[in-house]
Amino acid sequence: MSLSADYKTFEASLFGAGGAGLQIGPPALFFSLPFVAAWAFVGPWTALAVAIAAALPRLLWQPSRSAEGQIFFIANALYWNLVYPAFFGSPLLIGALCFWRPLYCLPPFFAWLLYTRLASRPDLNVGQPWAHFAKHDWGIVALRFWLRLRLHVSRGLREREPAKPVVIAIHPHGVASDYRVAMDGLLYEALPGREVLTLAASVLFALPLVRELVLWTRCIDAGKRTASKALSKGCSLAVIPGGEAEQMRTQTGVEEVYLTKRAGFVKLAMQQRAALVPCYAFGTVDLYTITPSQHATNSKGLLWKLSKQYGVAMPLYRGALGFVPKRQRTDLVFGAPFEPACATPGEPTDAEVAAAHANYIAALKALFDEHKGALGYGDRELIVA
């Protein structure tokens with residue numbers, strides 16, 4: 001595969017070598033509480049099982065080894081089928097513990113709740129990034145290798161002064177946007193000096209463990225006030241405009257983005273005098289298999305109604321094994337930045353926003369068509385809904 005000389009490619013392995021994959025801090029933090037809870041409320045054998053489950057993937061595979069074969073697959077399967085339920089099921093786990101042992105569990109839970117909802121709100125500011133974690137955490141490095149992730153960054157974006165903010169819009173969302181967490185550590189090298197924060201749904205900052213993961217990988221609340229504040233401070237933003245609707249309507253092998261009624265990110269960029277950067281994530285819609293019946297439930301049925309009402313997307317899908325996506329190369333191609341025309345800087349009219357939005361869609365289509373052949377998707381067309 002070859003891309004234009006105007007693009008520089010950053011491979012998945014960029015931060016995977018040098019023994020940095022095995023870090024004591026993040027695993028200890030993520031698994032110490034389940035370990036202690038298992039010991040206190042169930043027994044030492046259960047605690048031992050939790051410890052083994054946490055340590056075994058790291059013992060089976062290290063980033064210095066080949067990211068191929070059964071051992072690598074087993075390590076990923078063990079890790080992600082433990083982490084996904086533990087992270088996104090944390091409210092259920094905590095609720096069960098509080099019901100079972102209220103005297104011991106309710107006080108620390110309420111203390112955490114008060115701290116994260118009142119005392120510490122980095123999600124409403126410029127986040128709480130942990131660069132070393134984003135670059136070297138074992139799970140993130142393994143996911144990067146599993147996706148064979150590559151970033152292709154245009155010369156225009158690389159050469160734009162880091163102090164001049166951009167709004168990077170990434171399409172499509174996909175079933176789980178696995179690339180988002182894996183991408184962050186690579187951006188430090190791909191866009192040196194540029195602080196790129198990702199807008200994330202508010203609900204993610206209310207979930208134990210998930211909150212820490214998204215904060216450490218440079219996410220902030222997707223509210224307009226928070227996004228505007230970050231841009232005004234010179235930070236750049238990454239946003240996935242399709243959101244939950246695009247996530248729930250994802251179809252395997254169908255390159256479709258939900259964009260025609262999503263101009264908020266364009267208006268935000270114009271109000272804060274930031275440039276727009278289109279980005280397409282090739283391979284995203286092939287990471288999971290979605291059957292026609294699953295798609296009907298996701299896009300029209302009960303799960304769709306729940307996502308619309310509560311903003312929580314829980315699509316049905318099938319991966320390689322459980323929560324592990326299929327082994328599909330994922331290429332994120334970042335286009336050149338462009339600044340929408342605005343007669344009064346920072347005060348765009350509705351007509352100017354509409355024109356800029358149309359220009360953005362045209363730029364995204366051109367980016368897709370320019371690179372789809374080289375990346376193996378020459379037979380596909382981009383659908384903008």
# chains A, B, ... in the order shown; residues from 1 in each chain; ligands from 1
>>> select_by_dssp(residues="range 133-173 of chain A", states="strand (DSSP E or B)", output="PyMOL selection string")
chain A and resi 150-154+166-171
>>> write_last_selection(atoms="N, CA and C atoms", output="PDB file, in the first residue's frame")
ATOM      1  N   ARG A 150      -3.094   2.096  11.815  1.00  0.00           N
ATOM      2  CA  ARG A 150      -2.168   3.050  11.190  1.00  0.00           C
ATOM      3  C   ARG A 150      -2.868   4.397  11.055  1.00  0.00           C
ATOM      4  N   LEU A 151      -2.128   5.463  11.347  1.00  0.00           N
ATOM      5  CA  LEU A 151      -2.608   6.820  11.140  1.00  0.00           C
ATOM      6  C   LEU A 151      -1.877   7.407   9.945  1.00  0.00           C
ATOM      7  N   HIS A 152      -2.617   7.976   9.001  1.00  0.00           N
ATOM      8  CA  HIS A 152      -2.042   8.620   7.823  1.00  0.00           C
ATOM      9  C   HIS A 152      -2.375  10.105   7.925  1.00  0.00           C
ATOM     10  N   VAL A 153      -1.384  10.903   8.255  1.00  0.00           N
ATOM     11  CA  VAL A 153      -1.610  12.314   8.553  1.00  0.00           C
ATOM     12  C   VAL A 153      -1.127  13.172   7.394  1.00  0.00           C
ATOM     13  N   SER A 154      -1.988  14.051   6.909  1.00  0.00           N
ATOM     14  CA  SER A 154      -1.643  14.907   5.775  1.00  0.00           C
ATOM     15  C   SER A 154      -0.556  15.910   6.146  1.00  0.00           C
ATOM     16  N   VAL A 166      -7.619  22.932  15.682  1.00  0.00           N
ATOM     17  CA  VAL A 166      -8.401  22.311  14.616  1.00  0.00           C
ATOM     18  C   VAL A 166      -9.490  21.458  15.256  1.00  0.00           C
ATOM     19  N   VAL A 167     -10.550  21.224  14.506  1.00  0.00           N
ATOM     20  CA  VAL A 167     -11.589  20.278  14.903  1.00  0.00           C
ATOM     21  C   VAL A 167     -11.518  19.109  13.932  1.00  0.00           C
ATOM     22  N   ILE A 168     -11.064  17.964  14.429  1.00  0.00           N
ATOM     23  CA  ILE A 168     -10.919  16.762  13.611  1.00  0.00           C
ATOM     24  C   ILE A 168     -12.198  15.943  13.743  1.00  0.00           C
ATOM     25  N   ALA A 169     -12.916  15.798  12.649  1.00  0.00           N
ATOM     26  CA  ALA A 169     -14.152  15.017  12.650  1.00  0.00           C
ATOM     27  C   ALA A 169     -13.858  13.639  12.062  1.00  0.00           C
ATOM     28  N   ILE A 170     -14.119  12.584  12.848  1.00  0.00           N
ATOM     29  CA  ILE A 170     -13.774  11.219  12.455  1.00  0.00           C
ATOM     30  C   ILE A 170     -15.040  10.461  12.095  1.00  0.00           C
ATOM     31  N   HIS A 171     -14.994   9.753  10.985  1.00  0.00           N
ATOM     32  CA  HIS A 171     -16.132   8.984  10.471  1.00  0.00           C
ATOM     33  C   HIS A 171     -15.619   7.612  10.013  1.00  0.00           C
TER      34      HIS A 171
END
>>> residues_around(residues="range 81-89 of chain A", least_positions_apart="2", cutoff="10 Å", atoms="only C-alpha atoms", output="PyMOL selection string")
chain A and resi 30-31+34+50+53-54+76-79+91-94+139+204+207-211+213+321-324
>>> write_last_selection(atoms="C-alpha atoms", output="PDB file, in the first residue's frame")
ATOM      1  CA  PHE A  30      -7.923  -1.297  37.549  1.00  0.00           C
ATOM      2  CA  PHE A  31      -7.886  -4.690  39.241  1.00  0.00           C
ATOM      3  CA  PRO A  34     -12.224  -6.124  42.168  1.00  0.00           C
ATOM      4  CA  VAL A  50      -9.530 -12.414  39.547  1.00  0.00           C
ATOM      5  CA  ALA A  53      -7.440 -13.430  34.993  1.00  0.00           C
ATOM      6  CA  ALA A  54      -5.815  -9.995  35.205  1.00  0.00           C
ATOM      7  CA  ASN A  76      -6.627 -10.453  23.696  1.00  0.00           C
ATOM      8  CA  ALA A  77      -9.685 -12.655  24.157  1.00  0.00           C
ATOM      9  CA  LEU A  78      -8.983 -13.133  27.867  1.00  0.00           C
ATOM     10  CA  TYR A  79      -8.239  -9.467  28.459  1.00  0.00           C
ATOM     11  CA  PRO A  91     -22.696   0.047  37.900  1.00  0.00           C
ATOM     12  CA  LEU A  92     -24.326  -3.385  38.173  1.00  0.00           C
ATOM     13  CA  LEU A  93     -21.364  -4.795  40.095  1.00  0.00           C
ATOM     14  CA  ILE A  94     -21.252  -1.868  42.494  1.00  0.00           C
ATOM     15  CA  GLY A 139      -4.304  -3.443  26.891  1.00  0.00           C
ATOM     16  CA  LEU A 204     -19.020   7.820  30.196  1.00  0.00           C
ATOM     17  CA  LEU A 207     -19.135   5.102  35.073  1.00  0.00           C
ATOM     18  CA  PRO A 208     -16.400   3.858  37.438  1.00  0.00           C
ATOM     19  CA  LEU A 209     -13.251   2.712  35.603  1.00  0.00           C
ATOM     20  CA  VAL A 210     -14.651   3.943  32.269  1.00  0.00           C
ATOM     21  CA  ARG A 211     -14.293   7.495  33.607  1.00  0.00           C
ATOM     22  CA  LEU A 213      -9.967   5.288  30.925  1.00  0.00           C
ATOM     23  CA  LEU A 321     -14.840 -13.978  20.152  1.00  0.00           C
ATOM     24  CA  GLY A 322     -17.096 -12.192  22.577  1.00  0.00           C
ATOM     25  CA  PHE A 323     -16.075  -8.544  22.795  1.00  0.00           C
ATOM     26  CA  VAL A 324     -12.937  -8.977  20.675  1.00  0.00           C
TER      27      VAL A 324
END
>>> closest_residue(among="A:Thr349, A:Ser307, A:Thr284, A:Gln128", to="Asp221 in chain A", atoms="only C-alpha atoms")
A:Gln128
>>> residues_around(residues="Ala131 in chain A", least_positions_apart="4", cutoff="9 Å", atoms="only C-alpha atoms", output="ChimeraX atom specification")
/A:135-136,184-185,188,216-218
>>> residues_around(residues="Cys219 in chain A", least_positions_apart="3", cutoff="7 Å", atoms="only C-alpha atoms", output="list of chain:residue names")
A:Gly127, A:Leu197, A:Thr198, A:Leu199, A:Ala200, A:Val214, A:Leu215
>>> residues_around(residues="range 3-13 of chain A", least_positions_apart="5", cutoff="9 Å", atoms="only C-alpha atoms", output="list in words")
Pro63, Val141, Arg144, Phe145, Trp146, Leu147, Arg148, Leu149, Arg150, Leu151, His152, Val153, Ser154, Arg155, Gly156, Arg158, Ala182, Met183, Leu186, Leu187, Glu189, Ala190, Val333, Phe334, Gly335, His371, Ala374 and Leu375 of chain A
>>> select_by_dssp(residues="range 39-221 of chain A", states="helix (DSSP H, G or I)", output="PyMOL selection string")
chain A and resi 39-41+44-60+69-88+90-100+102-119+122-124+131-136+138-147+155-159+178-190+202-206+210-216
>>> write_last_selection(atoms="C-alpha atoms", output="short mmCIF file (atom, residue, chain, number, x, y, z; two decimals), in the first residue's frame")
data_model
loop_
_atom_site.label_atom_id
_atom_site.label_comp_id
_atom_site.auth_asym_id
_atom_site.auth_seq_id
_atom_site.Cartn_x
_atom_site.Cartn_y
_atom_site.Cartn_z
CA TRP A 39 -11.57 -11.37 48.79
CA ALA A 40 -13.81 -9.52 51.25
CA PHE A 41 -17.21 -10.57 49.98
CA PRO A 44 -9.73 -15.86 48.73
CA TRP A 45 -10.22 -18.36 45.91
CA THR A 46 -12.38 -15.93 43.98
CA ALA A 47 -9.83 -13.20 44.59
CA LEU A 48 -7.12 -15.50 43.28
CA ALA A 49 -9.17 -16.17 40.14
CA VAL A 50 -9.53 -12.41 39.55
CA ALA A 51 -5.77 -11.92 39.98
CA ILE A 52 -4.98 -14.75 37.56
CA ALA A 53 -7.44 -13.43 34.99
CA ALA A 54 -5.82 -9.99 35.21
CA ALA A 55 -2.24 -11.24 35.00
CA LEU A 56 -2.53 -14.14 32.53
CA PRO A 57 -2.91 -12.09 29.30
CA ARG A 58 0.22 -10.11 30.18
CA LEU A 59 2.15 -13.29 30.88
CA LEU A 60 1.04 -14.90 27.63
CA GLY A 69 -0.82 -16.45 16.17
CA GLN A 70 -2.99 -18.21 18.73
CA ILE A 71 -1.19 -16.94 21.82
CA PHE A 72 -1.78 -13.33 20.83
CA PHE A 73 -5.43 -14.09 20.09
CA ILE A 74 -5.94 -15.87 23.43
CA ALA A 75 -4.31 -13.00 25.34
CA ASN A 76 -6.63 -10.45 23.70
CA ALA A 77 -9.69 -12.65 24.16
CA LEU A 78 -8.98 -13.13 27.87
CA TYR A 79 -8.24 -9.47 28.46
CA TRP A 80 -11.07 -7.79 26.57
CA ASN A 81 -13.71 -10.29 27.64
CA LEU A 82 -12.76 -9.43 31.21
CA VAL A 83 -12.32 -5.67 30.79
CA TYR A 84 -15.46 -4.86 28.77
CA PRO A 85 -17.94 -6.43 31.23
CA ALA A 86 -15.99 -5.13 34.25
CA PHE A 87 -15.85 -1.58 32.92
CA PHE A 88 -19.27 -1.14 31.35
CA SER A 90 -19.39 -1.60 36.85
CA PRO A 91 -22.70 0.05 37.90
CA LEU A 92 -24.33 -3.39 38.17
CA LEU A 93 -21.36 -4.79 40.09
CA ILE A 94 -21.25 -1.87 42.49
CA GLY A 95 -25.03 -1.97 42.93
CA ALA A 96 -24.87 -5.67 43.82
CA LEU A 97 -22.05 -5.10 46.32
CA CYS A 98 -23.89 -2.19 47.94
CA PHE A 99 -27.01 -4.33 48.26
CA TRP A 100 -25.06 -7.28 49.62
CA PRO A 102 -24.27 -1.88 52.41
CA LEU A 103 -22.32 -1.03 55.56
CA TYR A 104 -18.97 -1.57 53.84
CA CYS A 105 -19.79 -0.51 50.28
CA LEU A 106 -22.19 2.42 50.46
CA PRO A 107 -19.83 4.88 52.26
CA PRO A 108 -16.91 4.53 49.80
CA PHE A 109 -19.30 4.56 46.85
CA PHE A 110 -20.94 7.81 47.97
CA ALA A 111 -17.51 9.29 48.68
CA TRP A 112 -16.44 8.42 45.11
CA LEU A 113 -19.69 9.82 43.77
CA LEU A 114 -19.31 13.13 45.59
CA TYR A 115 -15.67 13.42 44.56
CA THR A 116 -16.20 12.69 40.86
CA ARG A 117 -19.45 14.65 40.44
CA LEU A 118 -18.68 17.67 42.64
CA ALA A 119 -15.05 17.98 43.69
CA PRO A 122 -11.63 17.54 34.71
CA ASP A 123 -14.13 16.36 32.09
CA LEU A 124 -15.61 19.87 32.13
CA ALA A 131 0.37 10.25 28.11
CA HIS A 132 2.38 7.27 29.35
CA PHE A 133 -0.79 5.26 29.90
CA ALA A 134 -2.19 6.13 26.47
CA LYS A 135 1.08 5.18 24.79
CA HIS A 136 2.16 2.11 26.75
CA TRP A 138 -0.64 -3.25 27.86
CA GLY A 139 -4.30 -3.44 26.89
CA ILE A 140 -4.14 -0.41 24.61
CA VAL A 141 -0.93 -1.59 22.95
CA ALA A 142 -2.45 -5.04 22.40
CA LEU A 143 -5.57 -3.48 20.88
CA ARG A 144 -3.44 -1.30 18.61
CA PHE A 145 -1.60 -4.37 17.33
CA TRP A 146 -4.84 -6.35 17.03
CA LEU A 147 -6.38 -3.65 14.83
CA ARG A 155 1.25 17.31 5.37
CA GLY A 156 -1.12 20.24 5.81
CA LEU A 157 -2.18 19.04 9.25
CA ARG A 158 1.36 18.18 10.32
CA GLU A 159 2.67 21.57 9.25
CA ASP A 178 -12.32 0.73 19.24
CA TYR A 179 -9.86 2.80 17.26
CA ARG A 180 -10.48 5.88 19.44
CA VAL A 181 -8.71 4.58 22.55
CA ALA A 182 -5.97 2.95 20.50
CA MET A 183 -5.44 6.12 18.44
CA ASP A 184 -4.74 8.55 21.27
CA GLY A 185 -1.26 7.31 22.16
CA LEU A 186 -0.17 7.52 18.51
CA LEU A 187 -1.34 11.13 18.18
CA TYR A 188 1.40 12.34 20.52
CA GLU A 189 3.94 11.44 17.85
CA ALA A 190 1.73 12.04 14.83
CA SER A 202 -21.39 12.67 29.38
CA VAL A 203 -22.53 9.24 30.59
CA LEU A 204 -19.02 7.82 30.20
CA PHE A 205 -17.74 10.11 32.95
CA ALA A 206 -20.31 8.72 35.37
CA VAL A 210 -14.65 3.94 32.27
CA ARG A 211 -14.29 7.49 33.61
CA GLU A 212 -10.59 6.98 34.27
CA LEU A 213 -9.97 5.29 30.92
CA VAL A 214 -11.52 8.11 28.91
CA LEU A 215 -9.91 10.84 31.01
CA TRP A 216 -6.44 9.32 30.70
#
>>> residues_around(residues="Glu352 in chain A", least_positions_apart="5", cutoff="10 Å", atoms="only C-alpha atoms", output="number ranges by chain")
A: 267, 270, 340-343, 347, 357-358
>>> write_last_selection(atoms="C-alpha atoms", output="JSON list (two decimals), in the first residue's frame")
[["chain", "number", "residue", "atom", "x", "y", "z"],
["A", 267, "LYS", "CA", -20.52, 25.86, 13.72],
["A", 270, "MET", "CA", -16.31, 28.66, 13.01],
["A", 340, "PRO", "CA", -14.53, 27.93, 6.53],
["A", 341, "ALA", "CA", -15.33, 31.38, 5.20],
["A", 342, "CYS", "CA", -16.91, 33.71, 7.73],
["A", 343, "ALA", "CA", -17.53, 37.43, 7.05],
["A", 347, "GLU", "CA", -19.86, 35.01, 14.36],
["A", 357, "HIS", "CA", -21.08, 22.12, 6.18],
["A", 358, "ALA", "CA", -21.62, 21.39, 2.48]]
>>> residues_around(residues="Ala176 in chain A", least_positions_apart="3", cutoff="12 Å", atoms="only C-alpha atoms", output="VMD selection string")
chain A and resid 84 172 to 173 179 to 181 240 243 to 244 246 to 250 284 to 288 313 to 319 323 to 325
>>> closest_residue(among="A:Gly376, A:Pro345, A:Gly174, A:Pro241", to="Ala201 in chain A", atoms="only C-alpha atoms")
A:Pro241
>>> atom_distance(atom1="CA of Cys235 in chain A", atom2="CA of Glu195 in chain A")
5.2 Å
>>> atom_distance(atom1="CA of Gly234 in chain A", atom2="CA of Lys164 in chain A")
6.6 Å
>>> atom_distance(atom1="CA of Ser66 in chain A", atom2="CA of Lys326 in chain A")
17.9 Å
